[in-house]
Amino acid sequence: MSQEERKLKRRRKKRRKLLFISLIFIFLLFRSVPSLFATAFKTSLPEEHVIEEKIETDAIIVRKESLYKADGEGKVEVYGNQGERVAVGRKIARITLLDDTSTLRQELEEIENKIDVLTKTEKDVESVKNDEVKLEENINIIINDIQRSISQGDYEQAEVLKDKLTLYDEKQRDISGDNTLINQSLDSLKKKKDKVASQISNNVIEYYSKESGILSFIIDGYEELYSANSIDEYEYSDFKEISNKQKIISNNDNIKADDPIFKIMDNFEWYMIIKIDNLRDISSYEEGDTITLTGEKIEGELIGHIKRISKDKGKGLIVASFNTDFVKFLDKRHLDVNIIKYKRDGYKIPSKSVVDRDGIKGVYIKEISGIVRFRPIEIIKEDDEFTYISKGDQNYNINIGGSDKPVRTVRKFDEILLNTISVKEGMIIN
């Protein structure tokens with residue numbers, strides 16, 4: 001074979017090789033085209049989502065609490081269970097006193113002084129009971145004495161004078177006989193005197209419930225600071241930081257005079273004071289409205305009523321009342337809460353799929369047939385990544401501006417196009 005023939009053979013071989021490579025390249029290119037189109041028209045289904053707007057804040061629980069304190073120092077015994085409902089007159093606690101009974105002796109002395117005053121008053125009233133002028137003069141003298149005692153801060157004397165005034169007033173109304181108020185008062189004081197004297201001699205003080213309610217031995221120190229008696233007076237400035245300093249009173253605990261022993265709480269109505277840092281957040285609320293709360297320490301939802309809204313320079317306080325779930329919050333004072341302004345069922349869709357067509361917000365969907373359709377949407381809420389839309393009515397219709405009748409919106413299994421570039425209604429996507 002000549003040299004020219006060999007060169008020609010090599011050129012032919014080279015051309016066949018290039019042709020083969022070109023065919024492979026063209027094949028691979030055609031294979032990739034459907035994938036490119038598939039990427040361009042990627043879709044996503046709407047995701048069902050509960051849409052809510054909430055205000056994150058904190059609240060303080062306020063209850064109707066009667067706090068019982070020790071009248072002396074000693075060891076305590078308790079006769080009830082935490083969270084138990086007790087009736088009036090139930091024995092709750094007993095303190096075995098140490099040697100110091102000075103507090104009880106002071107109480108006994110005060111009772112004896114009251115008995116002496118009322119006994120003398122009884123004689124004085126009897127001596128002038130038919131002299132209306134003298135009765136009136138004595139009443140005026142006592143009123144002046146009460147005012148003077150209060151101005152001097154002698155509230156104990158004012159209390160005694162008040163009892164005297166009551167007796168004169170009753171006599172002025174011509175109340176007589178053995179069952180008079182003075183006899184009732186003296187009888188009550190004498191019984192109390194006997195009880196205190198017995199406690200001193202036995203070195204024991206017993207405590208009975210003066211009202212019915214839920215018993216608690218958990219003392220947090222805020223019972224008097226946050227009291228239902230002041231529920232109409234709290235302002236934003238009264239919202240203090242709450243520290244966790246609960247104390248649980250148990251058998252054989254050492255108790256000092258004036259230490260809390262237990263409390264009895266009214267479980268029929270209780271309250272929260274809820275801090276509002278921006279009054280604009282609650283502009284839609286009015287006194288008397290229902291309020292819904294959630295939170296880490298709240299099971300499900302807690303529903304109450306707004307009793308009062310306090311406003312102070314753009315900040316405020318909501319006082320909410322509740323009549324359920326009292327026991328669940330028996331040992332709590334401070335809560336992190338969410339005020340749920342609204343809650344709706346809707347769909348969550350990617351924000352990048354939302355388009356504006358002729359001033360109407362909507363998305364493009366691909367029907368089963370592959371035809372592209374525009375579906376208007378009603379936006380409830382949106383953020384950088386997702387848009388939250390209404391489900392519409394039972395027929396998936398919504399009302400939009402410029403239309404006198406409802407129009408179809410997105411449905412659960414609609415395929416929403418994510419890439420809206422060059423997409424038009426009516427085009428067909430395989």
# chains A, B, ... in the order shown; residues from 1 in each chain; ligands from 1
$ residues_around --residues "region 56-69 of chain A" --least-positions-apart "2" --cutoff "8 Å" --atoms "only C-alpha atoms" --output "ChimeraX atom specification"
/A:54,71,223,226-229,231,239,257-266,269-276,332-339
$ select_by_dssp --residues "region 319-350 of chain A" --states "strand (DSSP E)" --output "PyMOL selection string"
chain A and resi 319-322+334-350
$ closest_residue --among "A:Lys14, A:Ser237, A:Tyr342, A:Gly213" --to "Phe326 (chain A)" --atoms "only C-alpha atoms"
A:Gly213
$ residues_around --residues "Pro406 (chain A)" --least-positions-apart "2" --cutoff "12 Å" --atoms "only C-alpha atoms" --output "ChimeraX atom specification"
/A:376-378,392-404,408-409
$ atom_distance --atom1 "CA of Leu189 (chain A)" --atom2 "CA of Glu156 (chain A)"
15.5 Å
$ residues_around --residues "Val50 (chain A)" --least-positions-apart "5" --cutoff "12 Å" --atoms "only C-alpha atoms" --output "ChimeraX atom specification"
/A:342-348,380-381,388-391
$ residues_around --residues "Arg94 (chain A)" --least-positions-apart "3" --cutoff "8 Å" --atoms "only C-alpha atoms" --output "PyMOL selection string"
chain A and resi 76-78+204-207
$ closest_residue --among "A:Arg15, A:Lys352, A:Lys307, A:Lys366" --to "Asp232 (chain A)" --atoms "only C-alpha atoms"
A:Lys307
$ atom_distance --atom1 "CA of Tyr236 (chain A)" --atom2 "CA of Lys313 (chain A)"
9.8 Å
$ residues_around --residues "Gly288 (chain A)" --least-positions-apart "6" --cutoff "8 Å" --atoms "only C-alpha atoms" --output "VMD selection string"
chain A and resid 305 to 308
$ write_last_selection --atoms "C-alpha atoms" --output "PDB file, in the first residue's frame"
ATOM      1  CA  HIS A 305     -63.020  37.310  79.328  1.00  0.00           C
ATOM      2  CA  ILE A 306     -61.445  40.748  79.376  1.00  0.00           C
ATOM      3  CA  LYS A 307     -62.497  42.468  82.583  1.00  0.00           C
ATOM      4  CA  ARG A 308     -60.414  45.606  82.187  1.00  0.00           C
TER       5      ARG A 308
END
$ select_by_dssp --residues "region 169-338 of chain A" --states "alpha helix (DSSP H)" --output "VMD selection string"
chain A and resid 169 to 172 181 to 202
$ residues_around --residues "Leu418 (chain A)" --least-positions-apart "4" --cutoff "12 Å" --atoms "only C-alpha atoms" --output "list in words"
Ala38, Thr39, Ala40, Phe41, Lys42, Thr43, Ser44, Leu45, Pro46, Ile349, Pro350, Ser351, Lys352, Ser353, Val354, Val355, Val363, Tyr364, Ile365, Lys366, Ser422 and Val423 of chain A
$ write_last_selection --atoms "C-alpha atoms" --output "compact mmCIF listing (two decimals), in the first residue's frame"
# COMPACT_ATOMS: atom_id res chain seq x y z
CA ALA A 38 -39.15 19.34 33.96
CA THR A 39 -36.91 21.57 36.07
CA ALA A 40 -38.39 24.71 34.51
CA PHE A 41 -41.95 23.61 35.37
CA LYS A 42 -41.42 22.12 38.81
CA THR A 43 -44.62 22.08 40.90
CA SER A 44 -45.63 21.90 44.55
CA LEU A 45 -48.87 20.98 46.30
CA PRO A 46 -50.39 23.45 48.83
CA ILE A 349 -47.45 27.88 49.61
CA PRO A 350 -43.96 29.04 48.53
CA SER A 351 -43.87 32.83 48.20
CA LYS A 352 -41.92 32.57 44.93
CA SER A 353 -44.97 31.00 43.25
CA VAL A 354 -47.16 34.07 43.87
CA VAL A 355 -47.66 36.40 40.88
CA VAL A 363 -50.66 31.42 41.30
CA TYR A 364 -50.39 29.32 38.16
CA ILE A 365 -51.45 25.70 38.48
CA LYS A 366 -51.08 22.75 36.13
CA SER A 422 -42.57 32.77 30.65
CA VAL A 423 -45.63 30.95 32.02
$ closest_residue --among "A:Val407, A:Lys162, A:Ile143, A:Ile219" --to "Lys114 (chain A)" --atoms "only C-alpha atoms"
A:Lys162
